[in-house]
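Data from target_11.cif: mmCIF, C-alpha atoms
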```
data_target
loop_
_atom_site.group_PDB
_atom_site.id
_atom_site.type_symbol
_atom_site.label_atom_id
_atom_site.label_comp_id
_atom_site.auth_asym_id
_atom_site.auth_seq_id
_atom_site.Cartn_x
_atom_site.Cartn_y
_atom_site.Cartn_z
ATOM 1 C CA MET V 1 112.331 97.492 108.806
ATOM 2 C CA THR V 2 109.526 100.011 108.945
ATOM 3 C CA LEU V 3 109.610 103.144 110.975
ATOM 4 C CA THR V 4 106.992 101.863 113.366
ATOM 5 C CA ASN V 5 109.015 98.729 114.131
ATOM 6 C CA GLY V 6 111.669 101.042 115.476
ATOM 7 C CA VAL V 7 109.286 103.230 117.456
ATOM 8 C CA GLU V 8 107.203 100.514 119.072
ATOM 9 C CA GLY V 9 107.546 96.939 120.202
ATOM 10 C CA GLY V 10 111.050 96.657 121.559
ATOM 11 C CA GLY V 11 112.736 99.149 119.201
ATOM 12 C CA ILE V 12 113.319 102.593 120.597
ATOM 13 C CA SER V 13 110.913 102.007 123.499
ATOM 14 C CA GLY V 14 112.902 98.941 124.517
ATOM 15 C CA GLN V 15 116.096 100.969 124.419
ATOM 16 C CA PHE V 16 114.556 103.552 126.711
ATOM 17 C CA VAL V 17 113.723 100.876 129.259
ATOM 18 C CA SER V 18 117.170 99.278 129.076
ATOM 19 C CA CYS V 19 118.840 102.685 129.497
ATOM 20 C CA SER V 20 116.402 103.811 132.223
ATOM 21 C CA ILE V 21 115.299 106.813 130.175
ATOM 22 C CA THR V 22 112.001 108.095 131.496
ATOM 23 C CA ASP V 23 112.060 111.784 130.553
ATOM 24 C CA ASP V 24 109.516 112.444 127.788
ATOM 25 C CA ASN V 25 111.577 115.211 126.183
ATOM 26 C CA LEU V 26 114.702 113.019 126.079
ATOM 27 C CA LYS V 27 112.681 110.186 124.503
ATOM 28 C CA TYR V 28 111.359 112.648 121.915
ATOM 29 C CA CYS V 29 114.864 113.867 121.015
ATOM 30 C CA HIS V 30 116.233 110.312 120.747
ATOM 31 C CA THR V 31 113.300 109.319 118.546
ATOM 32 C CA LEU V 32 113.856 112.259 116.197
ATOM 33 C CA SER V 33 117.559 111.485 115.936
ATOM 34 C CA SER V 34 116.797 107.895 114.916
ATOM 35 C CA LEU V 35 114.484 108.815 112.036
ATOM 36 C CA THR V 36 115.679 108.545 108.462
ATOM 37 C CA GLU V 37 115.251 111.441 106.057
ATOM 38 C CA LYS V 38 112.465 109.577 104.288
ATOM 39 C CA ALA V 39 110.656 108.978 107.589
ATOM 40 C CA ILE V 40 110.977 112.631 108.549
ATOM 41 C CA ASP V 41 109.435 113.627 105.209
ATOM 42 C CA GLN V 42 106.454 111.372 105.959
ATOM 43 C CA VAL V 43 105.834 112.795 109.437
ATOM 44 C CA GLU V 44 107.126 116.352 109.156
ATOM 45 C CA ASP V 45 103.705 117.887 109.836
ATOM 46 C CA ILE V 46 103.354 115.781 112.996
ATOM 47 C CA LEU V 47 106.759 116.920 114.245
ATOM 48 C CA LYS V 48 105.986 120.586 113.573
ATOM 49 C CA SER V 49 102.692 120.445 115.481
ATOM 50 C CA SER V 50 103.870 118.440 118.489
ATOM 51 C CA PRO V 51 102.672 119.880 121.815
ATOM 52 C CA GLY V 52 104.986 121.119 124.539
ATOM 53 C CA GLU V 53 103.995 118.336 126.961
ATOM 54 C CA ASN V 54 104.039 114.587 126.331
ATOM 55 C CA ARG V 55 105.802 115.204 123.022
ATOM 56 C CA TYR V 56 107.217 111.693 122.733
ATOM 57 C CA THR V 57 103.940 109.949 123.561
ATOM 58 C CA ASN V 58 102.009 112.214 121.201
ATOM 59 C CA VAL V 59 104.456 111.847 118.294
ATOM 60 C CA LYS V 60 104.795 108.091 118.833
ATOM 61 C CA THR V 61 101.020 107.581 118.770
ATOM 62 C CA LYS V 62 100.540 109.724 115.649
ATOM 63 C CA MET V 63 103.457 108.090 113.822
ATOM 64 C CA ILE V 64 102.171 104.609 114.580
ATOM 65 C CA ASP V 65 98.670 105.565 113.439
ATOM 66 C CA ARG V 66 99.986 107.027 110.205
ATOM 67 C CA LEU V 67 102.719 104.550 109.320
ATOM 68 C CA THR V 68 101.390 101.196 110.474
ATOM 69 C CA GLU V 69 99.656 99.205 107.766
ATOM 70 C CA SER V 70 96.002 98.529 108.401
ATOM 71 C CA ASP V 71 94.908 94.944 108.924
ATOM 72 C CA SER V 72 93.012 94.926 105.642
ATOM 73 C CA TRP V 73 96.074 96.179 103.748
ATOM 74 C CA ARG V 74 98.297 93.527 105.342
ATOM 75 C CA VAL V 75 95.840 90.762 104.422
ATOM 76 C CA ARG V 76 95.614 92.113 100.875
ATOM 77 C CA ARG V 77 99.420 92.069 100.598
ATOM 78 C CA LEU V 78 99.364 88.521 101.952
ATOM 79 C CA MET V 79 97.003 87.494 99.174
ATOM 80 C CA GLU V 80 98.577 89.476 96.327
ATOM 81 C CA SER V 81 100.644 87.951 93.613
ATOM 82 C CA GLU V 82 104.101 87.978 95.198
ATOM 83 C CA GLN V 83 105.945 84.873 94.096
ATOM 84 C CA MET V 84 108.520 82.797 95.952
ATOM 85 C CA GLY V 85 111.495 83.895 93.833
ATOM 86 C CA ASP V 86 114.866 82.622 95.061
ATOM 87 C CA ARG V 87 113.672 81.875 98.573
ATOM 88 C CA LYS V 88 113.153 78.453 100.059
ATOM 89 C CA PRO V 89 109.451 77.615 100.450
ATOM 90 C CA SER V 90 109.731 77.847 104.247
ATOM 91 C CA GLU V 91 111.293 81.336 103.998
ATOM 92 C CA PHE V 92 108.503 82.404 101.662
ATOM 93 C CA PHE V 93 105.914 81.037 104.101
ATOM 94 C CA ARG V 94 107.457 83.013 106.974
ATOM 95 C CA SER V 95 107.337 86.195 104.883
ATOM 96 C CA ARG V 96 103.636 85.565 104.148
ATOM 97 C CA LYS V 97 102.984 84.812 107.822
ATOM 98 C CA SER V 98 104.657 88.057 108.903
ATOM 99 C CA LEU V 99 102.035 89.958 106.889
ATOM 100 C CA ALA V 100 99.125 88.196 108.548
ATOM 101 C CA THR V 101 97.057 89.775 111.272
ATOM 102 C CA SER V 102 96.420 88.200 114.648
ATOM 103 C CA ASN V 103 93.001 87.147 113.349
ATOM 104 C CA THR V 104 94.407 85.333 110.298
ATOM 105 C CA THR V 105 94.447 81.576 110.735
ATOM 106 C CA GLU V 106 97.535 79.582 109.885
ATOM 107 C CA ASP V 107 95.404 77.385 107.634
ATOM 108 C CA PHE V 108 94.478 80.447 105.565
ATOM 109 C CA ILE V 109 98.137 81.500 105.331
ATOM 110 C CA ILE V 110 99.119 77.991 104.182
ATOM 111 C CA GLN V 111 96.418 78.040 101.496
ATOM 112 C CA VAL V 112 97.528 81.444 100.185
ATOM 113 C CA TRP V 113 101.182 80.362 100.357
ATOM 114 C CA LYS V 114 100.510 77.215 98.344
ATOM 115 C CA THR V 115 98.917 79.217 95.520
ATOM 116 C CA ARG V 116 102.093 81.313 95.199
ATOM 117 C CA LEU V 117 104.467 78.333 94.885
ATOM 118 C CA PRO V 118 105.827 77.028 91.566
ATOM 119 C CA LEU V 119 103.379 74.646 89.875
ATOM 120 C CA GLN V 120 105.567 71.542 90.361
ATOM 121 C CA LEU V 121 105.724 72.203 94.091
ATOM 122 C CA GLN V 122 101.967 72.827 94.273
ATOM 123 C CA THR V 123 101.408 69.463 92.601
ATOM 124 C CA VAL V 124 103.529 67.580 95.130
ATOM 125 C CA LEU V 125 101.907 69.320 98.088
ATOM 126 C CA ALA V 126 98.422 68.681 96.688
ATOM 127 C CA ALA V 127 99.222 64.961 96.609
ATOM 128 C CA SER V 128 100.284 65.039 100.260
ATOM 129 C CA SER V 129 97.742 64.507 103.008
ATOM 130 C CA GLU V 130 99.984 66.195 105.568
ATOM 131 C CA THR V 131 98.299 68.829 107.751
ATOM 132 C CA ASP V 132 101.096 69.715 110.187
ATOM 133 C CA VAL V 133 102.568 73.047 109.048
ATOM 134 C CA ALA V 134 106.137 72.205 110.093
ATOM 135 C CA LYS V 135 106.003 68.950 108.140
ATOM 136 C CA ILE V 136 104.475 70.650 105.090
ATOM 137 C CA LEU V 137 107.274 73.221 105.105
ATOM 138 C CA LYS V 138 109.920 70.518 105.516
ATOM 139 C CA LEU V 139 108.447 68.579 102.581
ATOM 140 C CA ALA V 140 108.260 71.702 100.415
ATOM 141 C CA ASP V 141 111.880 72.606 101.183
ATOM 142 C CA ALA V 142 113.031 69.048 100.393
ATOM 143 C CA VAL V 143 111.176 68.972 97.053
ATOM 144 C CA HIS V 144 112.453 72.453 96.211
ATOM 145 C CA GLU V 145 116.027 71.392 96.976
ATOM 146 C CA VAL V 146 115.727 68.293 94.768
ATOM 147 C CA LYS V 147 114.194 70.351 91.966
ATOM 148 C CA HIS V 148 117.037 72.898 92.099
ATOM 149 C CA THR V 149 119.707 70.206 92.250
ATOM 150 C CA THR V 150 118.336 68.398 89.216
ATOM 151 C CA SER V 151 117.503 71.532 87.234
ATOM 152 C CA LYS V 152 121.164 72.599 87.323
ATOM 153 C CA GLN V 153 122.249 69.506 85.428
ATOM 154 C CA VAL V 154 122.800 70.046 81.749
ATOM 155 C CA ASN V 155 121.657 67.346 79.386
ATOM 156 C CA ALA V 156 123.748 66.832 76.255
ATOM 157 C CA VAL V 157 121.895 67.495 73.039
ATOM 158 C CA ASP V 158 122.869 65.599 69.936
ATOM 159 C CA ASP V 159 123.068 68.154 67.171
ATOM 160 C CA TYR V 160 124.898 66.599 64.302
ATOM 161 C CA SER V 161 123.691 69.056 61.699
ATOM 162 C CA ALA V 162 126.627 71.431 62.186
ATOM 163 C CA LEU V 163 129.089 68.541 62.131
ATOM 164 C CA SER V 164 127.394 67.115 59.048
ATOM 165 C CA GLU V 165 127.714 70.465 57.277
ATOM 166 C CA GLN V 166 131.425 70.623 58.086
ATOM 167 C CA ILE V 167 132.004 67.120 56.724
ATOM 168 C CA LYS V 168 130.207 67.939 53.444
#
```
Could I get this file's structure written as structure tokens?
Amino acid sequence: MTLTNGVEGGGISGQFVSCSITDDNLKYCHTLSSLTEKAIDQVEDILKSSPGENRYTNVKTKMIDRLTESDSWRVRRLMESEQMGDRKPSEFFRSRKSLATSNTTEDFIIQVWKTRLPLQLQTVLAASSETDVAKILKLADAVHEVKHTTSKQVNAVDDYSALSEQIK
């Protein structure tokens, strides 16, 4: 979780609403107490220069501006070379989608996601004419599950050379 997720959008602000906290100074103090050491290091100059009035609003705005990834950076991360790893294809898709901006189409996310899948999975999906995202994800998960089930089987290898040496 990033610092800004805690400061905006239901994090700390949501807690203030649910606890009926309206005092700006109290919000400011609660926000400071919720910051990690690393976060404080990143915004120390902002905290030192906060004004006497509207401290919470001022600090919140500056922290969000400084710590929120720009749209272009999020799209670049979406397109970078992160691979699926141990995740199911649908989990990997959701992680890619979480990096997208509001202007990023789902079709674009699907295309980027497909390029980051293992080659065998890309091949199966390329052969499919499915366009519904939920169905594509279900298919990808099913193929991935079959691949992992079969890849764990060990095939016996006939190596008689060692046995032959012992007999000689």
### Task
Would you write out, as a ChimeraX atom specification, every residue that the PyMOL selection byres ((chain V and resi 119-125) around 12) captures in this file?
/V:83-84,88-89,110-118,126-131,133,135-148
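Interatomic distance, atom CA of V:Lys62 against atom CA of V:Leu32: 13.6 Å.
If all atoms listed in the file are the atoms counted, then among V:Phe108, V:Glu91, V:Thr31, V:Glu82 the closest residue to V:Val59 is V:Thr31.
Straight-line separation from atom CA of V:Thr57 to atom CA of V:Gln42: 17.8 Å.
One distance worth recording is that between atom CA of V:Tyr56 and atom CA of V:Lys27, which is 5.9 Å.
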With 8 Å on each side, where is the centre of the axis-aligned box around all listed atoms of stretch 25-39 of chain V, and how long are its edges in Å to one decimal, as lines of an AutoDock Vina configuration file?
```
center_x = 114.1
center_y = 111.6
center_z = 115.2
size_x = 22.9
size_y = 23.3
size_z = 37.9
```
#### Entry: For V:Arg74: contacts at 12 Å, all atoms listed in the file, fewer than 5 positions along chain excluded, given as a list of chain:residue names
V:Thr68, V:Glu69, V:Met79, V:Glu80, V:Ser95, V:Arg96, V:Lys97, V:Ser98, V:Leu99, V:Ala100, V:Thr101, V:Ser102, V:Asn103, V:Thr104
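When only C-alpha atoms are used to compute distances to V:Lys60, the closest of the residues V:Asp107, V:Asp132, V:Asp24, V:Glu37 turns out to be V:Asp24.
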